[in-house]
Amino acid sequence: MTKEEIISKLPYSKPFLFVDELLHIDENGVEGTYTFDENLDFYKGHFANNPITPGVILTEVMAQIGLVCLGIFLLNDEFNLNTSIALTSTEIEFLKPVFPNEKVTVISEKIYFRFGKLKCKVVMKNEKEEEVCSGTIAGIILTPTLSKGEGANIE
């Protein structure tokens, strides 16, 4: 599956699609980028005259690139319209603000993927290569096959 095919299978659309490009993906992790458009609605009210990207949005970017894209890659042909995705836990530390028009890179390393649960160590960096946030994110990715117990131990 190509990087473009993975992005096309994401269950999101603009303005809630937070993946511009996947730079690298394999069975152990993924690296991708996203640039925050200054016209996104959440900037209009998040700190008047000095907008910054809300932490929940940074977490979403990390989850879309670092968890969902990797899950689609790992499931390959098993991922389809009947696949269910749910975020189950996050533990993120925020270190620096991210401003409108900033490009960020998300680097995710798989901790494990078994019984439909994917857990990753994820780092977000700005264009200066400074770490802006990092932590762990986990989610459940169930296909009809996995939810019936078949092939549930994928690693």
# chains A, B, ... in the order shown; residues from 1 in each chain; ligands from 1
call {"tool": "closest_atom_pairs", "arguments": {"of": "region 66-136 of chain A", "to": "region 3-27 of chain A", "cutoff": "9 Å", "atoms": "only C-alpha atoms", "output": "Markdown table"}}
result
| residue | atom | partner | partner_atom | distance |
| --- | --- | --- | --- | --- |
| A:Val68 | CA | A:Leu10 | CA | 7.4 |
| A:Cys69 | CA | A:Ile6 | CA | 6.3 |
| A:Leu70 | CA | A:Ile25 | CA | 7.2 |
| A:Ile72 | CA | A:Ile6 | CA | 6.4 |
| A:Phe73 | CA | A:Ile6 | CA | 6.7 |
| A:Leu74 | CA | A:Glu27 | CA | 6.4 |
| A:Asn76 | CA | A:Ile6 | CA | 8.8 |
| A:Phe79 | CA | A:Lys9 | CA | 8.4 |
| A:Asn80 | CA | A:Lys9 | CA | 8.0 |
| A:Leu81 | CA | A:Pro11 | CA | 8.7 |
| A:Ile85 | CA | A:Pro11 | CA | 8.9 |
| A:Lys110 | CA | A:Glu27 | CA | 7.9 |
call {"tool": "select_by_dssp", "arguments": {"residues": "chain A", "states": "helix (DSSP H, G or I)", "output": "ChimeraX atom specification"}}
result
/A:3-8,41-44,55-78,144-147
call {"tool": "write_last_selection", "arguments": {"atoms": "N, CA, C and O atoms", "output": "compact mmCIF listing (two decimals), in the first residue's frame"}}
result
# COMPACT_ATOMS: atom_id res chain seq x y z
N LYS A 3 1.89 5.35 0.38
CA LYS A 3 1.61 6.39 1.38
C LYS A 3 0.35 7.17 1.02
O LYS A 3 -0.44 7.52 1.89
N GLU A 4 0.16 7.43 -0.27
CA GLU A 4 -1.02 8.17 -0.72
C GLU A 4 -2.30 7.36 -0.50
O GLU A 4 -3.34 7.90 -0.15
N GLU A 5 -2.22 6.03 -0.72
CA GLU A 5 -3.38 5.17 -0.48
C GLU A 5 -3.75 5.16 1.00
O GLU A 5 -4.94 5.14 1.35
N ILE A 6 -2.75 5.16 1.87
CA ILE A 6 -3.01 5.19 3.31
C ILE A 6 -3.76 6.47 3.67
O ILE A 6 -4.79 6.43 4.35
N ILE A 7 -3.28 7.61 3.19
CA ILE A 7 -3.93 8.90 3.49
C ILE A 7 -5.37 8.89 2.95
O ILE A 7 -6.29 9.37 3.62
N SER A 8 -5.57 8.32 1.77
CA SER A 8 -6.92 8.30 1.17
C SER A 8 -7.88 7.43 1.97
O SER A 8 -9.09 7.61 1.89
N ASP A 41 -10.63 27.40 11.97
CA ASP A 41 -11.59 28.06 12.87
C ASP A 41 -11.11 28.18 14.32
O ASP A 41 -11.39 29.17 14.99
N PHE A 42 -10.40 27.18 14.83
CA PHE A 42 -10.04 27.23 16.25
C PHE A 42 -9.06 28.35 16.57
O PHE A 42 -8.96 28.76 17.72
N TYR A 43 -8.38 28.91 15.58
CA TYR A 43 -7.47 30.04 15.85
C TYR A 43 -8.23 31.33 16.15
O TYR A 43 -7.68 32.23 16.77
N LYS A 44 -9.48 31.43 15.71
CA LYS A 44 -10.24 32.67 15.88
C LYS A 44 -10.49 33.00 17.35
O LYS A 44 -10.65 34.16 17.69
N GLY A 55 -3.96 22.12 22.49
CA GLY A 55 -3.35 20.82 22.75
C GLY A 55 -4.17 19.66 22.24
O GLY A 55 -3.62 18.65 21.78
N VAL A 56 -5.47 19.76 22.30
CA VAL A 56 -6.32 18.67 21.81
C VAL A 56 -6.13 18.48 20.30
O VAL A 56 -6.19 17.35 19.79
N ILE A 57 -5.88 19.56 19.57
CA ILE A 57 -5.63 19.46 18.13
C ILE A 57 -4.25 18.86 17.88
O ILE A 57 -4.08 18.03 16.98
N LEU A 58 -3.25 19.25 18.68
CA LEU A 58 -1.92 18.64 18.55
C LEU A 58 -2.02 17.13 18.80
O LEU A 58 -1.41 16.33 18.09
N THR A 59 -2.80 16.75 19.80
CA THR A 59 -3.00 15.33 20.09
C THR A 59 -3.67 14.63 18.92
O THR A 59 -3.28 13.51 18.54
N GLU A 60 -4.65 15.28 18.30
CA GLU A 60 -5.33 14.70 17.14
C GLU A 60 -4.37 14.50 15.97
O GLU A 60 -4.42 13.47 15.29
N VAL A 61 -3.50 15.48 15.72
CA VAL A 61 -2.51 15.34 14.64
C VAL A 61 -1.61 14.13 14.92
O VAL A 61 -1.35 13.31 14.04
N MET A 62 -1.16 14.03 16.17
CA MET A 62 -0.30 12.91 16.54
C MET A 62 -1.03 11.57 16.39
O MET A 62 -0.45 10.59 15.94
N ALA A 63 -2.31 11.55 16.72
CA ALA A 63 -3.09 10.31 16.61
C ALA A 63 -3.35 9.95 15.15
O ALA A 63 -3.23 8.78 14.77
N GLN A 64 -3.70 10.94 14.32
CA GLN A 64 -3.97 10.64 12.91
C GLN A 64 -2.74 10.11 12.19
O GLN A 64 -2.81 9.11 11.48
N ILE A 65 -1.60 10.77 12.39
CA ILE A 65 -0.38 10.34 11.72
C ILE A 65 0.21 9.12 12.42
O ILE A 65 0.50 8.10 11.80
N GLY A 66 0.38 9.23 13.73
CA GLY A 66 1.15 8.23 14.47
C GLY A 66 0.41 6.97 14.82
O GLY A 66 1.05 5.95 15.12
N LEU A 67 -0.90 6.98 14.80
CA LEU A 67 -1.67 5.81 15.20
C LEU A 67 -2.53 5.29 14.04
O LEU A 67 -2.42 4.14 13.65
N VAL A 68 -3.38 6.15 13.49
CA VAL A 68 -4.32 5.69 12.47
C VAL A 68 -3.61 5.33 11.17
O VAL A 68 -3.87 4.27 10.59
N CYS A 69 -2.70 6.18 10.70
CA CYS A 69 -1.96 5.85 9.46
C CYS A 69 -1.18 4.54 9.64
O CYS A 69 -1.19 3.69 8.75
N LEU A 70 -0.53 4.39 10.79
CA LEU A 70 0.23 3.16 11.04
C LEU A 70 -0.71 1.96 11.12
O LEU A 70 -0.41 0.90 10.58
N GLY A 71 -1.86 2.13 11.77
CA GLY A 71 -2.83 1.04 11.85
C GLY A 71 -3.33 0.60 10.49
O GLY A 71 -3.46 -0.60 10.21
N ILE A 72 -3.61 1.55 9.62
CA ILE A 72 -4.05 1.23 8.25
C ILE A 72 -2.96 0.44 7.54
O ILE A 72 -3.23 -0.57 6.88
N PHE A 73 -1.70 0.87 7.68
CA PHE A 73 -0.59 0.17 7.06
C PHE A 73 -0.47 -1.26 7.59
O PHE A 73 -0.30 -2.21 6.83
N LEU A 74 -0.56 -1.40 8.92
CA LEU A 74 -0.41 -2.73 9.52
C LEU A 74 -1.54 -3.67 9.14
O LEU A 74 -1.32 -4.86 8.92
N LEU A 75 -2.76 -3.15 9.05
CA LEU A 75 -3.90 -3.98 8.66
C LEU A 75 -3.93 -4.26 7.16
O LEU A 75 -4.51 -5.24 6.72
N ASN A 76 -3.33 -3.35 6.37
CA ASN A 76 -3.25 -3.47 4.92
C ASN A 76 -4.63 -3.74 4.32
O ASN A 76 -5.52 -2.93 4.47
N ASP A 77 -4.82 -4.87 3.68
CA ASP A 77 -6.08 -5.13 2.98
C ASP A 77 -7.25 -5.43 3.92
O ASP A 77 -8.39 -5.43 3.49
N GLU A 78 -6.98 -5.69 5.20
CA GLU A 78 -8.06 -5.92 6.15
C GLU A 78 -8.77 -4.63 6.53
O GLU A 78 -9.88 -4.66 7.06
N PRO A 144 -13.97 -6.42 10.93
CA PRO A 144 -14.92 -7.49 11.22
C PRO A 144 -14.22 -8.82 11.54
O PRO A 144 -14.64 -9.55 12.40
N THR A 145 -13.09 -9.09 10.87
CA THR A 145 -12.34 -10.31 11.14
C THR A 145 -11.78 -10.29 12.55
O THR A 145 -11.91 -11.24 13.29
N LEU A 146 -11.15 -9.18 12.94
CA LEU A 146 -10.54 -9.10 14.26
C LEU A 146 -11.59 -9.14 15.36
O LEU A 146 -11.38 -9.76 16.39
N SER A 147 -12.73 -8.50 15.14
CA SER A 147 -13.75 -8.45 16.19
C SER A 147 -14.37 -9.83 16.43
O SER A 147 -14.93 -10.08 17.47
call {"tool": "atom_distance", "arguments": {"atom1": "CA of Ile111 (chain A)", "atom2": "CA of Val30 (chain A)"}}
result
12.2 Å
call {"tool": "closest_residue", "arguments": {"among": "A:Leu95, A:Ala86, A:Ile52, A:Val104", "to": "Ile137 (chain A)", "atoms": "only C-alpha atoms"}}
result
A:Ala86
call {"tool": "closest_residue", "arguments": {"among": "A:Thr53, A:Tyr34, A:Ser89, A:Asn28", "to": "Glu127 (chain A)", "atoms": "only C-alpha atoms"}}
result
A:Tyr34
call {"tool": "residues_around", "arguments": {"residues": "Phe99 (chain A)", "least_positions_apart": "4", "cutoff": "10 Å", "atoms": "only C-alpha atoms", "output": "list of chain:residue names"}}
result
A:Thr35, A:Phe36, A:Asp37, A:Glu38, A:Tyr43, A:Asn50, A:Pro51, A:Ile52, A:Thr53, A:Pro54, A:Lys103, A:Asn126
call {"tool": "closest_residue", "arguments": {"among": "A:Lys96, A:Arg114, A:His46, A:Lys119", "to": "Thr136 (chain A)", "atoms": "only C-alpha atoms"}}
result
A:Lys119
call {"tool": "select_by_dssp", "arguments": {"residues": "region 7-146 of chain A", "states": "strand (DSSP E or B)", "output": "PyMOL selection string"}}
result
chain A and resi 21-26+29-35+84-94+103-114+117-125+131-142
